Every structure is written in C-alpha cells, then in structure tokens.
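What follows is work_18.csv (CSV, C-alpha atoms).
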chain,number,residue,atom,x,y,z
C,23,MET,CA,-2.0,-5.6,-5.2
C,24,LEU,CA,-0.2,-8.3,-7.1
C,25,SER,CA,0.3,-6.1,-10.1
C,26,ASN,CA,1.7,-3.4,-7.9
C,27,ALA,CA,3.9,-5.7,-5.9
C,28,LEU,CA,5.6,-6.9,-9.1
C,29,LEU,CA,6.9,-3.3,-9.5
C,30,THR,CA,8.0,-2.6,-6.0
C,31,GLN,CA,11.7,-2.9,-6.7
C,32,ALA,CA,11.6,-1.5,-10.3
C,33,VAL,CA,11.9,2.2,-9.6
C,34,PRO,CA,14.5,1.9,-6.8
C,35,SER,CA,16.7,-0.4,-8.9
C,36,ALA,CA,16.4,1.8,-11.9
C,37,LEU,CA,17.2,5.0,-9.9
C,38,TYR,CA,20.1,3.2,-8.2
C,39,ALA,CA,21.6,2.3,-11.6
C,40,HIS,CA,20.8,5.7,-13.1
C,41,LEU,CA,22.5,7.6,-10.3
C,42,GLY,CA,25.7,5.7,-10.5
C,43,GLN,CA,24.9,3.4,-7.5
C,44,ASP,CA,24.9,6.4,-5.2
C,45,ARG,CA,22.7,5.2,-2.3
C,46,VAL,CA,22.3,8.6,-0.7
C,47,ALA,CA,21.2,10.2,-4.0
C,48,THR,CA,18.8,7.2,-4.6
C,49,ALA,CA,17.3,7.5,-1.1
C,50,ALA,CA,16.8,11.3,-1.6
C,51,ALA,CA,15.2,10.8,-5.0
C,52,LEU,CA,12.8,8.1,-3.6
C,53,GLY,CA,12.0,10.4,-0.7
C,54,ARG,CA,11.0,13.2,-3.1
C,55,ILE,CA,8.8,10.7,-5.0
C,56,SER,CA,7.1,9.6,-1.9
C,57,SER,CA,6.6,13.1,-0.7
C,58,SER,CA,5.1,14.1,-4.1
C,59,ALA,CA,2.8,11.1,-3.9
C,60,ALA,CA,1.7,12.0,-0.4
C,61,LEU,CA,0.9,15.5,-1.5
C,62,LEU,CA,-1.2,14.2,-4.4
C,63,ASP,CA,-3.0,11.9,-2.0
C,64,ILE,CA,-3.9,14.8,0.3
C,65,LEU,CA,-5.2,16.9,-2.6
C,66,VAL,CA,-7.0,14.2,-4.5
C,67,THR,CA,-8.3,11.5,-2.1
C,68,PRO,CA,-11.0,13.7,-0.5
C,69,GLN,CA,-12.4,14.3,-4.0
C,70,LEU,CA,-12.3,10.5,-4.7
C,71,GLY,CA,-14.6,9.8,-1.8
C,72,ARG,CA,-17.1,12.4,-2.9
C,73,LEU,CA,-16.8,11.2,-6.5
C,74,SER,CA,-17.7,7.6,-5.5
C,75,ASP,CA,-20.7,9.0,-3.6
C,76,THR,CA,-21.8,10.7,-6.8
C,77,ILE,CA,-21.2,8.1,-9.5
C,78,GLY,CA,-21.0,4.9,-7.5
C,79,ARG,CA,-18.2,2.6,-6.6
C,80,LYS,CA,-18.1,0.4,-9.7
C,81,PRO,CA,-16.9,3.1,-12.2
C,82,LEU,CA,-13.8,3.7,-10.0
C,83,LEU,CA,-13.2,0.0,-9.5
C,84,VAL,CA,-13.1,-0.4,-13.2
C,85,GLY,CA,-11.6,2.9,-14.3
C,86,ALA,CA,-8.6,2.9,-11.9
C,87,PRO,CA,-7.1,-0.5,-13.1
C,88,ALA,CA,-7.9,0.4,-16.7
C,89,LEU,CA,-5.8,3.6,-16.5
C,90,ALA,CA,-3.1,1.7,-14.6
C,91,LEU,CA,-3.0,-0.8,-17.4
C,92,LEU,CA,-2.3,2.0,-19.8
C,93,CYS,CA,0.4,3.4,-17.6
C,94,ARG,CA,2.2,0.0,-17.2
C,95,GLY,CA,2.0,-0.5,-21.0
C,96,VAL,CA,3.7,2.8,-21.6
C,97,ALA,CA,6.4,2.0,-19.0
C,98,ALA,CA,7.0,-1.4,-20.6
C,99,SER,CA,7.4,0.1,-24.0
C,100,ARG,CA,9.6,3.0,-22.9
C,101,PRO,CA,11.3,2.3,-19.5
C,102,THR,CA,13.2,5.6,-19.1
C,103,ILE,CA,13.7,7.1,-15.7
C,104,ARG,CA,11.3,10.0,-16.4
C,105,VAL,CA,8.6,7.7,-17.7
C,106,LEU,CA,9.0,5.3,-14.7
C,107,VAL,CA,8.8,8.1,-12.1
C,108,ILE,CA,5.6,9.5,-13.8
C,109,VAL,CA,4.1,6.1,-14.0
C,110,LYS,CA,5.0,5.5,-10.3
C,111,LEU,CA,3.2,8.6,-9.2
C,112,LEU,CA,0.1,7.9,-11.3
C,113,SER,CA,0.0,4.3,-10.2
C,114,LEU,CA,0.1,5.4,-6.5
C,115,LEU,CA,-2.8,7.7,-7.2
C,116,LEU,CA,-4.8,5.1,-9.1
C,117,THR,CA,-4.1,2.6,-6.3
C,118,SER,CA,-5.6,5.0,-3.8
C,119,THR,CA,-8.6,5.4,-6.1
C,120,PHE,CA,-9.2,1.7,-6.2
C,121,SER,CA,-8.7,1.3,-2.5
C,122,VAL,CA,-11.1,4.1,-1.6
C,123,ALA,CA,-13.8,2.6,-3.9
C,124,LEU,CA,-13.2,-1.0,-2.6
C,125,ARG,CA,-13.3,0.0,1.1
C,126,ALA,CA,-16.4,2.1,0.5
C,127,SER,CA,-18.1,-0.8,-1.3
C,128,ILE,CA,-17.3,-3.1,1.7
C,129,ALA,CA,-18.6,-0.5,4.1
C,130,ASP,CA,-21.8,-0.2,2.1
C,131,THR,CA,-22.7,-3.8,2.8
C,132,HIS,CA,-21.5,-4.1,6.4
C,133,ARG,CA,-22.0,-0.7,7.9
C,134,ASP,CA,-24.3,-2.0,10.7
C,135,ASP,CA,-22.0,-4.8,11.9
C,136,PRO,CA,-18.5,-3.4,13.0
C,137,ALA,CA,-17.1,-6.9,13.7
C,138,ALA,CA,-18.2,-8.2,10.3
C,139,LEU,CA,-16.7,-5.0,8.7
C,140,THR,CA,-13.4,-5.6,10.5
C,141,GLY,CA,-13.5,-9.2,9.3
C,142,LYS,CA,-14.1,-8.3,5.7
C,143,LEU,CA,-11.3,-5.7,5.8
C,144,GLY,CA,-9.1,-8.4,7.3
C,145,LEU,CA,-9.8,-10.6,4.4
C,146,VAL,CA,-9.0,-7.8,2.0
C,147,SER,CA,-5.8,-7.2,3.8
C,148,ALA,CA,-4.9,-10.9,3.9
C,149,SER,CA,-5.5,-11.1,0.1
C,150,ALA,CA,-3.3,-8.0,-0.4
C,151,GLY,CA,-0.6,-9.6,1.8
C,152,ALA,CA,-0.7,-12.8,-0.2
C,153,ALA,CA,-0.5,-10.9,-3.4
C,154,TYR,CA,2.4,-8.8,-2.1
C,155,SER,CA,4.2,-11.9,-1.1
C,156,VAL,CA,4.0,-13.5,-4.5
C,157,GLY,CA,4.6,-10.2,-6.3
C,158,MET,CA,7.7,-9.3,-4.4
C,159,LEU,CA,9.3,-12.7,-5.0
C,160,LEU,CA,8.4,-12.9,-8.7
C,161,GLY,CA,9.1,-9.2,-9.2
C,162,GLY,CA,12.7,-9.6,-7.9
C,163,ARG,CA,13.3,-12.5,-10.2
C,164,LEU,CA,11.9,-10.8,-13.3
C,165,LEU,CA,13.8,-7.6,-12.5
C,166,SER,CA,17.1,-9.5,-12.3
C,167,ARG,CA,16.5,-10.4,-16.0
C,168,SER,CA,15.0,-7.2,-17.4
C,169,LEU,CA,13.5,-4.0,-16.3
C,170,ARG,CA,10.7,-4.4,-18.8
C,171,LEU,CA,9.5,-7.8,-17.5
C,172,PRO,CA,7.8,-6.7,-14.3
C,173,TYR,CA,5.9,-4.0,-16.2
C,174,LEU,CA,4.8,-6.5,-18.8
C,175,ALA,CA,3.7,-8.9,-16.1
C,176,SER,CA,1.8,-6.2,-14.2
C,177,ALA,CA,0.0,-5.0,-17.4
C,178,SER,CA,-1.0,-8.6,-18.2
C,179,LEU,CA,-2.6,-9.0,-14.8
C,180,LEU,CA,-4.5,-5.7,-15.1
C,181,ALA,CA,-5.7,-6.8,-18.5
C,182,LEU,CA,-7.3,-9.8,-16.8
C,183,LEU,CA,-8.6,-7.7,-13.8
C,184,VAL,CA,-10.5,-5.0,-15.7
C,185,PRO,CA,-13.0,-7.3,-17.6
C,186,LEU,CA,-13.4,-9.4,-14.4
C,187,VAL,CA,-14.4,-6.4,-12.3
C,188,ALA,CA,-16.5,-5.0,-15.1
C,189,GLY,CA,-18.5,-8.2,-15.5
C,190,ARG,CA,-18.7,-9.6,-11.9
C,191,ALA,CA,-18.6,-6.7,-9.5
C,192,ASN,CA,-21.9,-5.3,-8.2
C,193,GLU,CA,-22.7,-1.7,-7.6
C,194,THR,CA,-23.2,-1.3,-3.8
C,195,HIS,CA,-24.1,2.4,-3.7
C,196,PRO,CA,-27.6,2.7,-5.1
C,197,ALA,CA,-28.6,5.7,-7.3
C,198,GLY,CA,-31.1,6.9,-4.7
C,199,ALA,CA,-28.4,7.3,-2.1
C,200,ARG,CA,-26.0,9.3,-4.2
C,201,SER,CA,-25.2,12.9,-3.6
C,202,PRO,CA,-24.4,15.7,-6.1
C,203,LEU,CA,-20.7,16.2,-6.8
C,204,ALA,CA,-19.1,18.9,-4.7
C,205,LEU,CA,-15.4,19.3,-4.3
C,206,ARG,CA,-14.0,18.9,-0.9
C,207,PRO,CA,-11.1,21.0,0.5
C,208,PRO,CA,-7.8,19.2,0.6
C,209,GLY,CA,-7.2,16.6,3.2
C,210,PHE,CA,-5.4,18.9,5.6
C,211,GLY,CA,-8.5,18.7,7.8
C,212,PHE,CA,-7.0,15.7,9.5
C,213,VAL,CA,-5.4,18.1,12.0
C,214,ARG,CA,-8.8,18.2,13.7
C,215,LEU,CA,-8.1,14.6,14.9
C,216,PHE,CA,-5.6,16.2,17.3
C,217,ARG,CA,-8.2,18.5,18.8
C,218,ASN,CA,-11.0,16.1,19.7
C,219,GLY,CA,-10.2,14.7,23.1
C,220,VAL,CA,-7.3,13.0,24.8
C,221,ALA,CA,-8.1,9.5,23.5
C,222,LEU,CA,-8.4,10.4,19.9
C,223,ARG,CA,-5.5,12.8,20.1
C,224,SER,CA,-3.3,10.0,21.5
C,225,LEU,CA,-4.4,7.5,18.9
C,226,ALA,CA,-3.8,10.0,16.1
C,227,SER,CA,-0.4,10.8,17.5
C,228,VAL,CA,0.7,7.2,17.7
C,229,SER,CA,-0.6,6.6,14.2
C,230,ALA,CA,1.2,9.6,12.8
C,231,LEU,CA,4.5,8.5,14.4
C,232,HIS,CA,4.1,5.0,13.1
C,233,THR,CA,3.2,6.3,9.6
C,234,THR,CA,6.4,8.4,9.7
C,235,SER,CA,8.4,5.3,9.9
C,236,MET,CA,6.3,3.5,7.3
C,237,ALA,CA,6.3,6.4,4.9
C,238,MET,CA,9.8,5.7,3.8
C,239,GLY,CA,8.1,3.5,1.1
C,240,ASP,CA,10.6,2.1,-1.4
C,241,THR,CA,13.5,3.7,0.5
C,242,TRP,CA,13.8,0.6,2.7
C,243,GLN,CA,15.4,-1.2,-0.1
C,244,VAL,CA,18.1,1.3,-0.3
C,245,PHE,CA,18.6,1.0,3.5
C,246,ALA,CA,18.8,-2.8,3.1
C,247,ARG,CA,21.5,-2.4,0.5
C,248,GLU,CA,23.4,0.0,2.7
C,249,LEU,CA,23.1,-1.9,6.0
C,250,ARG,CA,23.1,-5.5,4.9
C,251,GLY,CA,24.2,-5.6,1.2
C,252,TRP,CA,20.9,-7.0,0.0
C,253,GLY,CA,20.2,-7.3,-3.7
C,254,VAL,CA,16.9,-7.4,-5.5
C,255,GLU,CA,16.3,-11.1,-4.8
C,256,THR,CA,16.9,-10.9,-1.1
C,257,CYS,CA,14.7,-7.8,-0.9
C,258,GLY,CA,12.1,-9.8,-2.8
C,259,LEU,CA,12.4,-12.7,-0.4
C,260,PHE,CA,12.0,-10.4,2.7
C,261,GLY,CA,9.0,-8.7,1.2
C,262,SER,CA,7.5,-12.0,0.2
C,263,LEU,CA,7.8,-13.4,3.7
C,264,SER,CA,6.4,-10.2,5.1
C,265,GLY,CA,3.4,-10.4,2.9
C,266,PHE,CA,2.9,-14.1,3.5
C,267,GLY,CA,2.9,-13.8,7.3
C,268,HIS,CA,0.7,-10.7,7.2
C,269,THR,CA,-1.9,-12.7,5.2
C,270,ALA,CA,-2.1,-15.3,8.0
C,271,VAL,CA,-2.3,-12.7,10.8
C,272,ALA,CA,-4.8,-10.5,9.0
C,273,LEU,CA,-7.2,-13.4,9.0
C,274,LEU,CA,-7.1,-13.4,12.8
C,275,ALA,CA,-7.7,-9.6,13.2
C,276,ARG,CA,-11.4,-10.0,13.6
C,277,ARG,CA,-10.9,-12.6,16.4
C,278,SER,CA,-8.3,-10.3,18.1
C,279,VAL,CA,-10.7,-7.3,18.1
C,280,ARG,CA,-13.5,-9.4,19.6
C,281,ARG,CA,-11.2,-10.9,22.3
C,282,PHE,CA,-9.2,-7.9,23.3
C,283,GLY,CA,-11.3,-5.0,22.0
C,284,ALA,CA,-10.3,-2.3,19.6
C,285,ARG,CA,-8.0,-0.7,22.2
C,286,GLY,CA,-6.3,-3.9,23.2
C,287,HIS,CA,-5.7,-4.9,19.6
C,288,THR,CA,-4.3,-1.4,18.8
C,289,LEU,CA,-1.9,-1.5,21.8
C,290,LEU,CA,-0.7,-5.0,20.7
C,291,ALA,CA,-0.2,-3.9,17.1
C,292,THR,CA,1.5,-0.6,18.1
C,293,ALA,CA,3.9,-2.4,20.4
C,294,SER,CA,4.8,-4.8,17.7
C,295,CYS,CA,5.5,-2.0,15.3
C,296,ALA,CA,7.9,-0.4,17.8
C,297,ALA,CA,9.7,-3.7,18.4
C,298,THR,CA,10.0,-4.3,14.7
C,299,ASP,CA,11.4,-0.9,13.9
C,300,LEU,CA,14.0,-1.3,16.6
C,301,ALA,CA,15.0,-4.8,15.4
C,302,LEU,CA,15.3,-3.6,11.8
C,303,ALA,CA,17.4,-0.6,12.7
C,304,LEU,CA,19.9,-2.4,15.0
C,305,GLY,CA,19.9,-6.0,13.9
C,306,SER,CA,21.7,-8.1,11.3
C,307,THR,CA,20.1,-9.9,8.4
C,308,ARG,CA,19.3,-12.9,10.7
C,309,VAL,CA,17.6,-10.5,13.2
C,310,ALA,CA,15.7,-8.8,10.4
C,311,PHE,CA,14.2,-12.1,9.2
C,312,ALA,CA,13.6,-13.3,12.8
C,313,ALA,CA,11.6,-10.1,13.5
C,314,LEU,CA,9.2,-10.8,10.7
C,315,PRO,CA,6.5,-12.5,12.9
C,316,VAL,CA,6.4,-9.4,15.1
C,317,ASN,CA,6.1,-7.3,12.0
C,318,TRP,CA,3.1,-9.3,10.8
C,319,VAL,CA,1.2,-8.4,14.0
C,320,GLY,CA,2.2,-4.7,13.7
C,321,ARG,CA,0.9,-4.4,10.2
C,322,THR,CA,-2.7,-5.1,11.4
C,323,GLN,CA,-2.7,-1.8,13.3
C,324,GLY,CA,-4.6,0.0,10.5
C,325,MET,CA,-7.5,-2.5,10.8

Kindly return the structure encoded in the file as structure tokens.
Amino acid sequence: MLSNALLTQAVPSALYAHLGQDRVATAAALGRISSSAALLDILVTPQLGRLSDTIGRKPLLVGAPALALLCRGVAASRPTIRVLVIVKLLSLLLTSTFSVALRASIADTHRDDPAALTGKLGLVSASAGAAYSVGMLLGGRLLSRSLRLPYLASASLLALLVPLVAGRANETHPAGARSPLALRPPGFGFVRLFRNGVALRSLASVSALHTTSMAMGDTWQVFARELRGWGVETCGLFGSLSGFGHTAVALLARRSVRRFGARGHTLLATASCAATDLALALGSTRVAFAALPVNWVGRTQGM
C-alpha cells in the first residue's frame, strides 16, 4: 500500500501538465483509466480467486509485487504519458491480485471465527491506512521535485517487500485442499446480489451507490484543484490525514461490530459516507478537513 500511495498523485499531475492544465480533459482521461481498470477487474479477478485455490496463496503474494517492481522500474526509467498510463493499469491489476491472495490467506486461518476475521481485516485495513497516510505525504513532496522520484521510491520499497514475503510468509492453503484450475465467467454475476431477498438487495444497492461516489479514484485531485485550488502538497496532506485517521478507526471496527452488530456498524458507516460526500461537495477547504473524522468512520463500511 505504501508503494502504491507514493504514486497516487503521479498520473493525475502528469496528465494535467500533458493536457495543458485542462481540468475537464484531465478528469475525463482519469475517468477512462478508472473505467478500463474496473473492466479489467471484472474480467480478471474471478480468475485470480480460482488461481489462488489451485496454486496456493504464496505464489500470488510474491509474484504480484515482483511484477509491480518491474513496472515501476520501467516507469522510472521512461516516464512518458503512455508508459505511466499502462503502468497504472497494470499496477491496479497487480494490486487486486495481491489483495485477493492476502484476504484469502487471512480467511484460511480465521474462517471459523467471524469476529476474529473482522479484527484481522481491520488490522490489514489499519496498516493500509497508515501506509497510505505516509505515502500520500511523501509522494506529494517527491512529485514536487521530480516525476521520477515517486516511482524510484516505490520500486525500492517493492524490492524490499518481495524477498521478505518470499522468505517469511507461510502458505495457508494446503496442497490437499486445492482444486483444479477452471476459468470462471467474468464477474458480471454480481447482479445476482440484487435478486436474493430484500435485505441483500438493499445492502448491495447501498454499496453500489457508495462505490459510485468512491469510483472517481484519482479524479478527486482534479476536483480539489477546481473547487479549492489545491496543489500536490495539499492533496498529499489531505490524503495523509485521511489514511492516518482511518488507521485508528479501523482498529476499532471489530469492537464496533461486536457492540452494534454487522447491521448497526453498516448503518453507521453508510451514514458517515453520505455526510462526508455532502461536506466535500458543498464545503470549503476548512469544511473538507473538518469532515475527515466522519470520513474515517465511513471508510470502514467495507469491513
């Protein structure tokens, strides 16, 4: 997550400069990139789950950051717009690969204890939030000096991660539990969620609407420039505070689920998401930063 967070502002800033500081064109280009990444995710992610069931979790946990390291090295050596966009798409896919394998590995060891599973996922989310916090802050400062620096820093971190995972991570999916590889259909089957009862349909609808607002991805930086005149360092500070607070709140997710139940926690997080979106759309810079604590709670919805 830290290696990814270092690059969060790289492509938006490069596109903004490449397109003559045209915010509309930049937002449109980022939207196309996000849509392409989402389509790749739908097509590929189901196969990743089946692949991890066939070969185990560890090969994906090692292979994904290794390939990401290669991509970041190419981007650092040749930071053209075409290369940066391709690396961005590949990096998103590799991040999904690593995430699928990591969550599957955690589920392997805690599948019989839902509360413990939620707690472990909360720790993972907290770690990701902390990494995002540091990465956004450092990435903004590195980017203000050179476009190559964030990619070099990201590649260096991945160069440390790959041997660490290869040497220390344990395989949690034993050979006897593995299944033959069989390709799954694309992930369009999620539409079945809207057909399985009122409760699940309602939850899926809320999640879809929330994801619609979250799916703007890197475009929020363009909006921040347009609405509030933020530069890379201010965007980095906002992202850093967002990640820092999310780290603290994520550690409490397990306690919240036990106290209020899954439904109560989901209602609280969803209401927080709605309040945050409204504040960010209508408020000034001061309101945007003041709304961060509510945003922290809302980001635990996915747990």

Just the residues within 9 Å of C:Tyr154, please, counting all atoms listed in the file, with nothing from its chain fewer than 2 positions along; format it as a PyMOL selection string. chain C and resi 23-28+149-152+156-159+261-262+264-266

Would you pick out the contacts of C:Pro81 at 10 Å or less, using all atoms listed in the file, so that residues sharing its chain but fewer than 5 positions from it are not included, and give the list as number ranges by chain? C: 73-74, 86, 120, 123, 187-188, 193

Mind giving me the straight-line distance from atom CA of C:Leu37 to atom CA of C:Leu106 in Å, one decimal?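 Separating atom CA of C:Leu37 from atom CA of C:Leu106 is a distance of 9.5 Å.
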
Quick one: distance from atom CA of C:Ala59 to atom CA of C:Leu114 in Å, one decimal?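 Calculated distance between atom CA of C:Ala59 and atom CA of C:Leu114 is 6.8 Å.
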
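Using all atoms listed in the file for every distance, the candidate list C:Ser306, C:Gln69, C:Ser113, C:Gln31 yields C:Ser113 as the residue closest to C:Leu89.
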
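Atom pair atom CA of C:Ser99 / atom CA of C:Ser35 has a distance of 17.7 Å (rounded to one decimal).
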
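Counting only C-alpha atoms, the residue from C:Leu62, C:Asp75, C:Thr140, C:Tyr38 that sits nearest to C:Gly198 is C:Asp75.
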
Identify, on the basis of only C-alpha atoms, every residue whose closest approach to C:Arg72 does not exceed 12 Å; exclude the query and any residue fewer than 4 positions from it along the same chain; express the result as a PyMOL selection string. chain C and resi 66-68+76-79+82+119+122-123+126+200-207

Residue selection dump (C-alpha atoms) as a short mmCIF file (atom, residue, chain, number, x, y, z; two decimals), in the frame of the given file:
data_model
loop_
_atom_site.label_atom_id
_atom_site.label_comp_id
_atom_site.auth_asym_id
_atom_site.auth_seq_id
_atom_site.Cartn_x
_atom_site.Cartn_y
_atom_site.Cartn_z
CA VAL C 66 -7.00 14.20 -4.50
CA THR C 67 -8.30 11.50 -2.10
CA PRO C 68 -11.00 13.70 -0.50
CA THR C 76 -21.80 10.70 -6.80
CA ILE C 77 -21.20 8.10 -9.50
CA GLY C 78 -21.00 4.90 -7.50
CA ARG C 79 -18.20 2.60 -6.60
CA LEU C 82 -13.80 3.70 -10.00
CA THR C 119 -8.60 5.40 -6.10
CA VAL C 122 -11.10 4.10 -1.60
CA ALA C 123 -13.80 2.60 -3.90
CA ALA C 126 -16.40 2.10 0.50
CA ARG C 200 -26.00 9.30 -4.20
CA SER C 201 -25.20 12.90 -3.60
CA PRO C 202 -24.40 15.70 -6.10
CA LEU C 203 -20.70 16.20 -6.80
CA ALA C 204 -19.10 18.90 -4.70
CA LEU C 205 -15.40 19.30 -4.30
CA ARG C 206 -14.00 18.90 -0.90
CA PRO C 207 -11.10 21.00 0.50
#

Measuring between all atoms listed in the file, which one of C:Arg125, C:His40, C:Arg285, C:Arg104 shows the shortest distance to C:Leu225?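 Using all atoms listed in the file, the shortest distance to C:Leu225 belongs to C:Arg285.
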
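Of the listed residues C:Ser121, C:Gln43, C:Ser224, C:Ser127, the one whose atoms come nearest to C:Ala191 is C:Ser127, with distances taken using only C-alpha atoms.
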
Pick from C:Leu171, C:Val33, C:Ala177, C:Leu61 nearest to C:Val105, counting all atoms listed in the file: C:Val33

Could you give me, as a ChimeraX atom specification, the residues within 7 Å of C:Val184, counting all atoms listed in the file and dropping anything in the same chain fewer than 6 positions from it? /C:84,87-88

Find the residue from C:Leu290, C:Cys257, C:Leu263, C:Ala32 that sits nearest to C:Ala313; use all atoms listed in the file when measuring. C:Leu263

Please rebuild stretch 29-53 of chain C with N, CA, C and O atoms and give the result as a PDB file, in the frame of the given file.
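Saved the output as part-v2.pdb:
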ATOM      1  N   LEU C  29       6.098  -4.487  -9.165  1.00  0.00           N
ATOM      2  CA  LEU C  29       6.900  -3.300  -9.500  1.00  0.00           C
ATOM      3  C   LEU C  29       7.569  -2.644  -8.351  1.00  0.00           C
ATOM      4  O   LEU C  29       8.210  -1.608  -8.516  1.00  0.00           O
ATOM      5  N   THR C  30       7.449  -3.221  -7.162  1.00  0.00           N
ATOM      6  CA  THR C  30       8.000  -2.600  -6.000  1.00  0.00           C
ATOM      7  C   THR C  30       9.438  -2.232  -6.060  1.00  0.00           C
ATOM      8  O   THR C  30       9.896  -1.189  -5.585  1.00  0.00           O
ATOM      9  N   GLN C  31      10.208  -3.107  -6.686  1.00  0.00           N
ATOM     10  CA  GLN C  31      11.700  -2.900  -6.700  1.00  0.00           C
ATOM     11  C   GLN C  31      12.126  -2.232  -8.040  1.00  0.00           C
ATOM     12  O   GLN C  31      13.311  -1.928  -8.179  1.00  0.00           O
ATOM     13  N   ALA C  32      11.198  -1.991  -8.968  1.00  0.00           N
ATOM     14  CA  ALA C  32      11.600  -1.500 -10.300  1.00  0.00           C
ATOM     15  C   ALA C  32      12.199  -0.094 -10.234  1.00  0.00           C
ATOM     16  O   ALA C  32      13.313   0.138 -10.707  1.00  0.00           O
ATOM     17  N   VAL C  33      11.462   0.857  -9.666  1.00  0.00           N
ATOM     18  CA  VAL C  33      11.900   2.200  -9.600  1.00  0.00           C
ATOM     19  C   VAL C  33      13.192   2.391  -8.760  1.00  0.00           C
ATOM     20  O   VAL C  33      14.158   3.043  -9.178  1.00  0.00           O
ATOM     21  N   PRO C  34      13.235   1.813  -7.545  1.00  0.00           N
ATOM     22  CA  PRO C  34      14.500   1.900  -6.800  1.00  0.00           C
ATOM     23  C   PRO C  34      15.694   1.367  -7.484  1.00  0.00           C
ATOM     24  O   PRO C  34      16.768   1.979  -7.461  1.00  0.00           O
ATOM     25  N   SER C  35      15.539   0.235  -8.137  1.00  0.00           N
ATOM     26  CA  SER C  35      16.700  -0.400  -8.900  1.00  0.00           C
ATOM     27  C   SER C  35      17.076   0.485 -10.061  1.00  0.00           C
ATOM     28  O   SER C  35      18.267   0.674 -10.327  1.00  0.00           O
ATOM     29  N   ALA C  36      16.073   1.008 -10.789  1.00  0.00           N
ATOM     30  CA  ALA C  36      16.400   1.800 -11.900  1.00  0.00           C
ATOM     31  C   ALA C  36      17.074   3.136 -11.525  1.00  0.00           C
ATOM     32  O   ALA C  36      18.042   3.575 -12.162  1.00  0.00           O
ATOM     33  N   LEU C  37      16.602   3.749 -10.451  1.00  0.00           N
ATOM     34  CA  LEU C  37      17.200   5.000  -9.900  1.00  0.00           C
ATOM     35  C   LEU C  37      18.651   4.690  -9.442  1.00  0.00           C
ATOM     36  O   LEU C  37      19.566   5.483  -9.669  1.00  0.00           O
ATOM     37  N   TYR C  38      18.815   3.578  -8.767  1.00  0.00           N
ATOM     38  CA  TYR C  38      20.100   3.200  -8.200  1.00  0.00           C
ATOM     39  C   TYR C  38      21.155   3.077  -9.350  1.00  0.00           C
ATOM     40  O   TYR C  38      22.282   3.554  -9.243  1.00  0.00           O
ATOM     41  N   ALA C  39      20.749   2.451 -10.460  1.00  0.00           N
ATOM     42  CA  ALA C  39      21.600   2.300 -11.600  1.00  0.00           C
ATOM     43  C   ALA C  39      21.852   3.663 -12.310  1.00  0.00           C
ATOM     44  O   ALA C  39      22.968   4.018 -12.707  1.00  0.00           O
ATOM     45  N   HIS C  40      20.766   4.434 -12.432  1.00  0.00           N
ATOM     46  CA  HIS C  40      20.800   5.700 -13.100  1.00  0.00           C
ATOM     47  C   HIS C  40      21.715   6.721 -12.412  1.00  0.00           C
ATOM     48  O   HIS C  40      22.388   7.547 -13.055  1.00  0.00           O
ATOM     49  N   LEU C  41      21.727   6.670 -11.087  1.00  0.00           N
ATOM     50  CA  LEU C  41      22.500   7.600 -10.300  1.00  0.00           C
ATOM     51  C   LEU C  41      23.879   7.097  -9.903  1.00  0.00           C
ATOM     52  O   LEU C  41      24.484   7.554  -8.934  1.00  0.00           O
ATOM     53  N   GLY C  42      24.356   6.151 -10.676  1.00  0.00           N
ATOM     54  CA  GLY C  42      25.700   5.700 -10.500  1.00  0.00           C
ATOM     55  C   GLY C  42      25.902   4.892  -9.177  1.00  0.00           C
ATOM     56  O   GLY C  42      26.967   4.945  -8.554  1.00  0.00           O
ATOM     57  N   GLN C  43      24.874   4.175  -8.762  1.00  0.00           N
ATOM     58  CA  GLN C  43      24.900   3.400  -7.500  1.00  0.00           C
ATOM     59  C   GLN C  43      25.208   4.221  -6.302  1.00  0.00           C
ATOM     60  O   GLN C  43      25.849   3.759  -5.352  1.00  0.00           O
ATOM     61  N   ASP C  44      24.725   5.454  -6.335  1.00  0.00           N
ATOM     62  CA  ASP C  44      24.900   6.400  -5.200  1.00  0.00           C
ATOM     63  C   ASP C  44      23.644   6.156  -4.289  1.00  0.00           C
ATOM     64  O   ASP C  44      22.548   6.595  -4.599  1.00  0.00           O
ATOM     65  N   ARG C  45      23.853   5.513  -3.132  1.00  0.00           N
ATOM     66  CA  ARG C  45      22.700   5.200  -2.300  1.00  0.00           C
ATOM     67  C   ARG C  45      22.076   6.407  -1.659  1.00  0.00           C
ATOM     68  O   ARG C  45      20.857   6.464  -1.493  1.00  0.00           O
ATOM     69  N   VAL C  46      22.883   7.404  -1.303  1.00  0.00           N
ATOM     70  CA  VAL C  46      22.300   8.600  -0.700  1.00  0.00           C
ATOM     71  C   VAL C  46      21.437   9.353  -1.703  1.00  0.00           C
ATOM     72  O   VAL C  46      20.319   9.767  -1.388  1.00  0.00           O
ATOM     73  N   ALA C  47      21.940   9.514  -2.924  1.00  0.00           N
ATOM     74  CA  ALA C  47      21.200  10.200  -4.000  1.00  0.00           C
ATOM     75  C   ALA C  47      19.888   9.400  -4.284  1.00  0.00           C
ATOM     76  O   ALA C  47      18.816   9.975  -4.514  1.00  0.00           O
ATOM     77  N   THR C  48      20.013   8.072  -4.308  1.00  0.00           N
ATOM     78  CA  THR C  48      18.800   7.200  -4.600  1.00  0.00           C
ATOM     79  C   THR C  48      17.797   7.383  -3.499  1.00  0.00           C
ATOM     80  O   THR C  48      16.597   7.529  -3.776  1.00  0.00           O
ATOM     81  N   ALA C  49      18.231   7.354  -2.239  1.00  0.00           N
ATOM     82  CA  ALA C  49      17.300   7.500  -1.100  1.00  0.00           C
ATOM     83  C   ALA C  49      16.619   8.873  -1.165  1.00  0.00           C
ATOM     84  O   ALA C  49      15.414   8.999  -0.910  1.00  0.00           O
ATOM     85  N   ALA C  50      17.397   9.915  -1.493  1.00  0.00           N
ATOM     86  CA  ALA C  50      16.800  11.300  -1.600  1.00  0.00           C
ATOM     87  C   ALA C  50      15.794  11.351  -2.688  1.00  0.00           C
ATOM     88  O   ALA C  50      14.724  11.957  -2.527  1.00  0.00           O
ATOM     89  N   ALA C  51      16.098  10.742  -3.841  1.00  0.00           N
ATOM     90  CA  ALA C  51      15.200  10.800  -5.000  1.00  0.00           C
ATOM     91  C   ALA C  51      13.873  10.017  -4.625  1.00  0.00           C
ATOM     92  O   ALA C  51      12.766  10.481  -4.916  1.00  0.00           O
ATOM     93  N   LEU C  52      14.012   8.858  -3.980  1.00  0.00           N
ATOM     94  CA  LEU C  52      12.800   8.100  -3.600  1.00  0.00           C
ATOM     95  C   LEU C  52      12.005   8.867  -2.553  1.00  0.00           C
ATOM     96  O   LEU C  52      10.772   8.802  -2.547  1.00  0.00           O
ATOM     97  N   GLY C  53      12.692   9.589  -1.660  1.00  0.00           N
ATOM     98  CA  GLY C  53      12.000  10.400  -0.700  1.00  0.00           C
ATOM     99  C   GLY C  53      11.176  11.497  -1.349  1.00  0.00           C
ATOM    100  O   GLY C  53      10.036  11.773  -0.936  1.00  0.00           O
TER     101      GLY C  53
END
